Each structure stands twice: as structure tokens, then as C-alpha cells.
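Here is the structure we will look at, set down as C-alpha cells.
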Amino acid sequence: MADIAFLLLIFFLVTTTMDTDTGIARKLPPILPENLPPPPPIKEKNVFVVLINSNDNLFVEDDYMDVKDLRAEAKRFISNFGRLENYSDNPQKAVISLQNDRGTSYEMFIAVQNELTAAYNELRDEESDKRFGKNFDDLTEKQKKEIQEFYPQKISEAEPVNLGGG
Amino acid sequence: MSKFKKGGAKATPAISTASLPDIVFILLFFFMVTTTMREVTLLVDNRKPYATEIEKLERKSLVSYIYVGAPKAFLRGQFGSEPRLQLNDSYAKLNEIGQWAITEREAINEAERALLTVSIKADKEVKMGLVTDIKQELRKAQMLKINYSTRKGEIFSDR
């Protein structure tokens, strides 16, 4: 009996892969029919343009930026509430437009996605703490929805362009 | 007449092995329950990038995988080193994604089709051009819920 159990045990020990699947969740926009009227324009100050070129350089609103500064800058943009001139009016209107080149590496793309998600997550955590005195993850579904509506995650992945290096 | 023996050879009693099968069984059940067997053989390199803001993918039955990366070293002679995508157990072309999406969707019951997620497991060396093409194909196939598969860790932590 014990021998058989041992055999099975060794079999399962060897075949086990304990990788839990994790990742950054995103939703793609549906393809719109061609003869649709163009969507209403968004004010330029409400759009945060993040651009990665084929050399993995990051440009935010046309200025070069290091990846480690991106999180703070994105937070400043989203939670501006109309204070500064060229940042967003309010979080509901703020849109982050992420553009990348065909030559951008996937690693860099994920790093930028991660920083932008982190900006939203930190803001949501701060707001949850202010309203309910808890972390976002510990809230009830209803409270989560409230925070999500206050800080909607609007990250638009633009269609690819050939930006080239430089 | 002392109760306590002094010195003398003390034979250590053998450890009882009567409970060994029980322990083995407990371990056996543990591994049986936690085991998830790999369903596909990887034909591409797959070193996933690191990220911190990650979500766990629940309900494995509602997740379909697309692997992207350069062919594994032993296949390079035949297929070259240009990154390719792998669906199920073989390399695929971009235009096969549509058909694959239909098959994947058919495989799960109707009520849960909206919850189907595509997990893109891409190697970190892959260029975004290929990933973007895949995204476009998924949009055409109406598979809009995606997940960029990553490992947990600070970004660029293996640079």
C-alpha cells in the first residue's frame, strides 16, 4: 500500500507545476463600423500622451522621461482637478493615450503599462483610505464600484504607428 | 534501589514507522489537489516580463492562451529565430487567430462566453509589432478581454 502511495506521490511531485497565472488585465476596444460619425473631440489637456519609440525611449507629452518618473507624473495628471493648466480637469475626463512603435520591446511596454496601472491603483487606494479608511482591496463590492467610478481607468492603446527611432 | 539508573548502555528505541503511510498519503493528496498539468508543449521561448500591478487569473477553464516568442533553440534550424506565435500545440499564422477564437469560444458554455479571457504570454524580447497584430486580430474576432501575462516582481528586475 505504502509503496503504491509512494509511487503516486513521486509521480505528482514530478508533474506538478505550481505556476499561478498572473498578469495585467486589459480590455480591447471593439472595432467600430467604418461609416460611423467621428467621436466627439476630447480636450487636449485631458489627454495624457505616453509614447514609446522603437529604441524604448519614453516620451510624455512630447518630453523625454524616465520610466521611474512616469508613475508620479501620471498621478499628477489624473488627480489634478483643474488646478494646473495643462493637466486634466477631473479624473473622470482624464484619458491616458499609450502609443507605441512596432519596434518597441514587449518588456518596455509592460513596464509602462505597469506604471500607469500603479498610478491608478495608488490613487484608488488613497481615495478609499480617505472615504472608508481601508485599502481598495478590502472594500465591499459596492464601495469598490464607487471608487472605480471616481477614478475610472481609461488607458487607451492607440493603433500602432511607425514612429521610428530617434 | 535507586529509581534512576546511572550510565549504562542506553539503546535508542527505533522510531515507529507505523504512521509513515499516513504521512505519505497526506502528501499524496496535497500534490494531487495542487497539480495543474501543462496542457501544451511550449515551442517558443517564454521569459515573461516582470510587473507589480498584477491580477490573478481565476477560473482556468475560461482562459485561452496565446504564446509568443522566438522558437526554442532546438527548433531554430527549422523555423529560424524570428518570433512566432503558438496556438495550442503548433505554430500559427496571424490569420489563424480568428478560427482559433471561434473554436475556443465554442468549447465553453454559452452563459460564460462573455467571461472568456485571452492570456497573451509573450517573451520579453518580442517586439510590439507582432503583439499589436495579435491584438488587432483579437479585436476582429471579438475577443476583447485580454491579459498580458507577467511574473511578479519589480519591473526590469532581471536586467
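How things are named: the first chain in the C-alpha cells is A, the next is B, and so on; residues count from 1 in each chain; ligands count from 1 in the order shown.
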
Within 12 Å of Glu58 of chain B using only C-alpha atoms, minus same-chain residues under 3 positions, as number ranges by chain: A: 20-23, 25; B: 55, 61-63, 115-117, 119, 147

Dump as an mmCIF file, in the first residue's frame, selection limited to C-alpha atoms:
```
data_model
loop_
_atom_site.group_PDB
_atom_site.id
_atom_site.type_symbol
_atom_site.label_atom_id
_atom_site.label_comp_id
_atom_site.auth_asym_id
_atom_site.auth_seq_id
_atom_site.Cartn_x
_atom_site.Cartn_y
_atom_site.Cartn_z
ATOM 1 C CA THR A 20 -0.276 30.664 -10.856
ATOM 2 C CA ASP A 21 -1.200 32.726 -13.850
ATOM 3 C CA THR A 22 -0.888 36.399 -13.242
ATOM 4 C CA GLY A 23 -0.884 39.388 -15.496
ATOM 5 C CA ALA A 25 -5.735 42.779 -17.400
ATOM 6 C CA GLU B 55 -4.125 40.325 -11.107
ATOM 7 C CA SER B 61 -11.322 26.966 -17.849
ATOM 8 C CA LEU B 62 -12.254 30.443 -19.045
ATOM 9 C CA VAL B 63 -8.760 31.374 -20.146
ATOM 10 C CA LEU B 115 -16.052 35.948 -19.429
ATOM 11 C CA LEU B 116 -13.544 34.317 -21.765
ATOM 12 C CA THR B 117 -10.127 35.906 -21.360
ATOM 13 C CA SER B 119 -3.896 35.477 -21.904
ATOM 14 C CA ASN B 147 -4.410 39.711 -20.062
#
```

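What chain B places within 6 Å of chain A, counting only C-alpha atoms, is Pro21, Leu28, Phe31, Thr35, Pro49, Ala51, Glu53, Ile54, Glu55, Lys56, Leu57, Lys124, Val126, Lys127, Met128, Gly129, Arg139, Leu144, Lys145, Ile146, Asn147, Tyr148, Ser149, Thr150 and Ile155 of chain B.
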
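Taking atom CA of Leu94 of chain B and atom CA of Lys60 of chain B as the two end points, the separation is 24.0 Å.
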
Residues flagged strand (DSSP E or B) by DSSP in segment 52-159 of chain B, as number ranges by chain: B: 55-56, 63-69, 71, 84-87, 90-92, 117-122, 127, 145-149, 151-152

7 Å contact set for segment 40-53 of chain A, only C-alpha atoms, chain neighbours under 3 positions out, as a list in words: Asp56, Asn57, Leu58, Phe59, Val60, Glu61, Asn86, Tyr87, Ser88, Asp89, Lys93, Ala94, Val95, Ile96, Ser97, Leu98, Gln99, Asn100, Asp101, Thr104, Leu163, Gly164 and Gly165 of chain A

With C-alpha atoms kept, could you save the residues just selected as a compact mmCIF listing (two decimals), in the first residue's frame?
```
# COMPACT_ATOMS: atom_id res chain seq x y z
CA ASP A 56 12.38 52.03 -25.92
CA ASN A 57 12.60 55.71 -25.10
CA LEU A 58 9.64 57.10 -23.24
CA PHE A 59 8.08 60.43 -24.16
CA VAL A 60 5.33 62.00 -22.09
CA GLU A 61 3.54 64.93 -23.71
CA ASN A 86 -2.19 71.52 -18.90
CA TYR A 87 -3.27 68.62 -16.67
CA SER A 88 -6.72 67.06 -16.56
CA ASP A 89 -9.98 68.72 -15.47
CA LYS A 93 -12.39 63.05 -18.00
CA ALA A 94 -8.72 62.10 -17.89
CA VAL A 95 -7.62 59.73 -20.63
CA ILE A 96 -4.21 58.19 -20.96
CA SER A 97 -3.24 57.52 -24.52
CA LEU A 98 -0.49 54.97 -24.84
CA GLN A 99 1.20 54.83 -28.20
CA ASN A 100 3.96 52.53 -29.18
CA ASP A 101 6.05 51.76 -32.19
CA THR A 104 9.08 48.78 -29.07
CA LEU A 163 7.44 56.15 -35.24
CA GLY A 164 10.96 55.00 -35.90
CA GLY A 165 13.86 55.69 -33.61
```

Atom CA of Arg84 of chain B to atom CA of Phe156 of chain B, distance in Å rounded to a single decimal: 23.0 Å

Residue neighbourhood Glu146 of chain A, 12 Å, only C-alpha atoms, exclusion window fewer than 6 positions, as a ChimeraX atom specification: /A:124,127-128,131-132,136,139-140,152

Contact residues around segment 68-74 of chain B with only C-alpha atoms at 9 Å, ignoring same-chain residues under 3 positions, as a list in words: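 Here the qualifying residues turn out to be Leu42, Leu43, Val44, Asp45, Asn46, Arg47, Gly77, Gln78, Phe79, Gly80, Ser81, Glu82, Pro83, Arg84, Leu85, Gln86, Ile120, Lys121, Ala122, Asp123, Lys124, Glu125, Val126, Leu130 and Val131 of chain B.
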
Selected residues written out with C-alpha atoms, as an mmCIF file, in the first residue's frame:
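Saved result, again.cif, follows:
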```cif
data_model
loop_
_atom_site.group_PDB
_atom_site.id
_atom_site.type_symbol
_atom_site.label_atom_id
_atom_site.label_comp_id
_atom_site.auth_asym_id
_atom_site.auth_seq_id
_atom_site.Cartn_x
_atom_site.Cartn_y
_atom_site.Cartn_z
ATOM 1 C CA LEU B 42 5.982 25.109 -25.421
ATOM 2 C CA LEU B 43 7.565 25.598 -28.811
ATOM 3 C CA VAL B 44 8.654 29.180 -28.156
ATOM 4 C CA ASP B 45 10.920 30.891 -25.658
ATOM 5 C CA ASN B 46 8.846 32.286 -22.883
ATOM 6 C CA ARG B 47 10.581 34.552 -20.428
ATOM 7 C CA GLY B 77 17.342 25.269 -37.512
ATOM 8 C CA GLN B 78 13.952 24.549 -38.976
ATOM 9 C CA PHE B 79 11.988 27.666 -38.145
ATOM 10 C CA GLY B 80 14.555 30.435 -37.761
ATOM 11 C CA SER B 81 14.734 32.803 -34.815
ATOM 12 C CA GLU B 82 12.041 35.276 -35.799
ATOM 13 C CA PRO B 83 9.357 35.437 -33.061
ATOM 14 C CA ARG B 84 6.271 33.390 -33.807
ATOM 15 C CA LEU B 85 3.005 32.760 -32.134
ATOM 16 C CA GLN B 86 1.845 29.444 -30.866
ATOM 17 C CA ILE B 120 -1.053 36.718 -24.080
ATOM 18 C CA LYS B 121 2.093 35.012 -22.908
ATOM 19 C CA ALA B 122 4.779 36.861 -24.762
ATOM 20 C CA ASP B 123 8.516 36.710 -24.347
ATOM 21 C CA LYS B 124 10.025 39.973 -23.183
ATOM 22 C CA GLU B 125 12.252 40.206 -26.248
ATOM 23 C CA VAL B 126 9.284 40.215 -28.613
ATOM 24 C CA LEU B 130 3.720 41.293 -33.504
ATOM 25 C CA VAL B 131 1.783 41.820 -30.270
#
```

Contacts of Asn95 of chain B at 10 Å (only C-alpha atoms; same-chain gap of 4+ positions) as a PyMOL selection string: chain B and resi 99-100+133-134+137

What would the file look like if the residues just selected were written as a PDB file, in the first residue's frame with C-alpha atoms?
```pdb
ATOM      1  CA  GLN B  99     -10.680  30.493 -36.463  1.00  0.00           C
ATOM      2  CA  TRP B 100      -8.965  29.605 -33.201  1.00  0.00           C
ATOM      3  CA  ASP B 133      -1.030  42.481 -34.852  1.00  0.00           C
ATOM      4  CA  ILE B 134      -2.327  39.846 -32.462  1.00  0.00           C
ATOM      5  CA  GLU B 137      -6.812  40.011 -34.838  1.00  0.00           C
TER       6      GLU B 137
END
```

Backbone-only DSSP, helix (DSSP H, G or I) members of chain B, as a ChimeraX atom specification: /B:20-34,60-62,73-79,94-106,110-115,128-140

Output for the residues just chosen: C-alpha atoms as a PDB file, in the first residue's frame:
```pdb
ATOM      1  CA  LEU B  20       4.537   6.674   7.613  1.00  0.00           C
ATOM      2  CA  PRO B  21       1.778   5.623   5.184  1.00  0.00           C
ATOM      3  CA  ASP B  22      -0.482   8.287   6.650  1.00  0.00           C
ATOM      4  CA  ILE B  23       2.091  10.984   6.103  1.00  0.00           C
ATOM      5  CA  VAL B  24       2.722   9.787   2.586  1.00  0.00           C
ATOM      6  CA  PHE B  25      -0.987   9.790   1.866  1.00  0.00           C
ATOM      7  CA  ILE B  26      -1.371  13.319   3.142  1.00  0.00           C
ATOM      8  CA  LEU B  27       1.447  14.459   0.881  1.00  0.00           C
ATOM      9  CA  LEU B  28      -0.034  12.474  -1.978  1.00  0.00           C
ATOM     10  CA  PHE B  29      -3.410  14.133  -1.646  1.00  0.00           C
ATOM     11  CA  PHE B  30      -1.789  17.533  -1.335  1.00  0.00           C
ATOM     12  CA  PHE B  31       0.069  17.152  -4.585  1.00  0.00           C
ATOM     13  CA  MET B  32      -2.909  15.574  -6.327  1.00  0.00           C
ATOM     14  CA  VAL B  33      -5.043  18.560  -5.483  1.00  0.00           C
ATOM     15  CA  THR B  34      -2.497  21.248  -6.296  1.00  0.00           C
ATOM     16  CA  LYS B  60      -8.575  28.471 -15.716  1.00  0.00           C
ATOM     17  CA  SER B  61     -11.322  26.966 -17.849  1.00  0.00           C
ATOM     18  CA  LEU B  62     -12.254  30.443 -19.045  1.00  0.00           C
ATOM     19  CA  ALA B  73      16.748  26.658 -29.527  1.00  0.00           C
ATOM     20  CA  PHE B  74      16.335  23.114 -30.859  1.00  0.00           C
ATOM     21  CA  LEU B  75      13.745  24.276 -33.408  1.00  0.00           C
ATOM     22  CA  ARG B  76      15.719  27.234 -34.713  1.00  0.00           C
ATOM     23  CA  GLY B  77      17.342  25.269 -37.512  1.00  0.00           C
ATOM     24  CA  GLN B  78      13.952  24.549 -38.976  1.00  0.00           C
ATOM     25  CA  PHE B  79      11.988  27.666 -38.145  1.00  0.00           C
ATOM     26  CA  LEU B  94      -1.832  35.616 -37.606  1.00  0.00           C
ATOM     27  CA  ASN B  95      -4.861  34.915 -39.771  1.00  0.00           C
ATOM     28  CA  GLU B  96      -5.496  31.653 -37.938  1.00  0.00           C
ATOM     29  CA  ILE B  97      -6.401  33.519 -34.754  1.00  0.00           C
ATOM     30  CA  GLY B  98      -9.944  34.175 -35.958  1.00  0.00           C
ATOM     31  CA  GLN B  99     -10.680  30.493 -36.463  1.00  0.00           C
ATOM     32  CA  TRP B 100      -8.965  29.605 -33.201  1.00  0.00           C
ATOM     33  CA  ALA B 101     -11.075  32.180 -31.339  1.00  0.00           C
ATOM     34  CA  ILE B 102     -14.253  30.603 -32.653  1.00  0.00           C
ATOM     35  CA  THR B 103     -13.121  27.137 -31.557  1.00  0.00           C
ATOM     36  CA  GLU B 104     -12.166  28.395 -28.104  1.00  0.00           C
ATOM     37  CA  ARG B 105     -15.475  30.143 -27.696  1.00  0.00           C
ATOM     38  CA  GLU B 106     -17.453  27.095 -28.812  1.00  0.00           C
ATOM     39  CA  GLU B 110     -22.939  29.913 -23.655  1.00  0.00           C
ATOM     40  CA  ALA B 111     -23.602  31.682 -20.378  1.00  0.00           C
ATOM     41  CA  GLU B 112     -19.922  32.116 -19.665  1.00  0.00           C
ATOM     42  CA  ARG B 113     -18.667  33.103 -23.102  1.00  0.00           C
ATOM     43  CA  ALA B 114     -18.523  36.764 -22.188  1.00  0.00           C
ATOM     44  CA  LEU B 115     -16.052  35.948 -19.429  1.00  0.00           C
ATOM     45  CA  MET B 128       5.333  45.161 -30.064  1.00  0.00           C
ATOM     46  CA  GLY B 129       4.607  44.957 -33.794  1.00  0.00           C
ATOM     47  CA  LEU B 130       3.720  41.293 -33.504  1.00  0.00           C
ATOM     48  CA  VAL B 131       1.783  41.820 -30.270  1.00  0.00           C
ATOM     49  CA  THR B 132      -0.182  44.658 -31.849  1.00  0.00           C
ATOM     50  CA  ASP B 133      -1.030  42.481 -34.852  1.00  0.00           C
ATOM     51  CA  ILE B 134      -2.327  39.846 -32.462  1.00  0.00           C
ATOM     52  CA  LYS B 135      -4.386  42.458 -30.641  1.00  0.00           C
ATOM     53  CA  GLN B 136      -5.913  43.600 -33.941  1.00  0.00           C
ATOM     54  CA  GLU B 137      -6.812  40.011 -34.838  1.00  0.00           C
ATOM     55  CA  LEU B 138      -8.403  39.527 -31.426  1.00  0.00           C
ATOM     56  CA  ARG B 139     -10.446  42.673 -31.899  1.00  0.00           C
ATOM     57  CA  LYS B 140     -11.648  41.381 -35.242  1.00  0.00           C
TER      58      LYS B 140
END
```
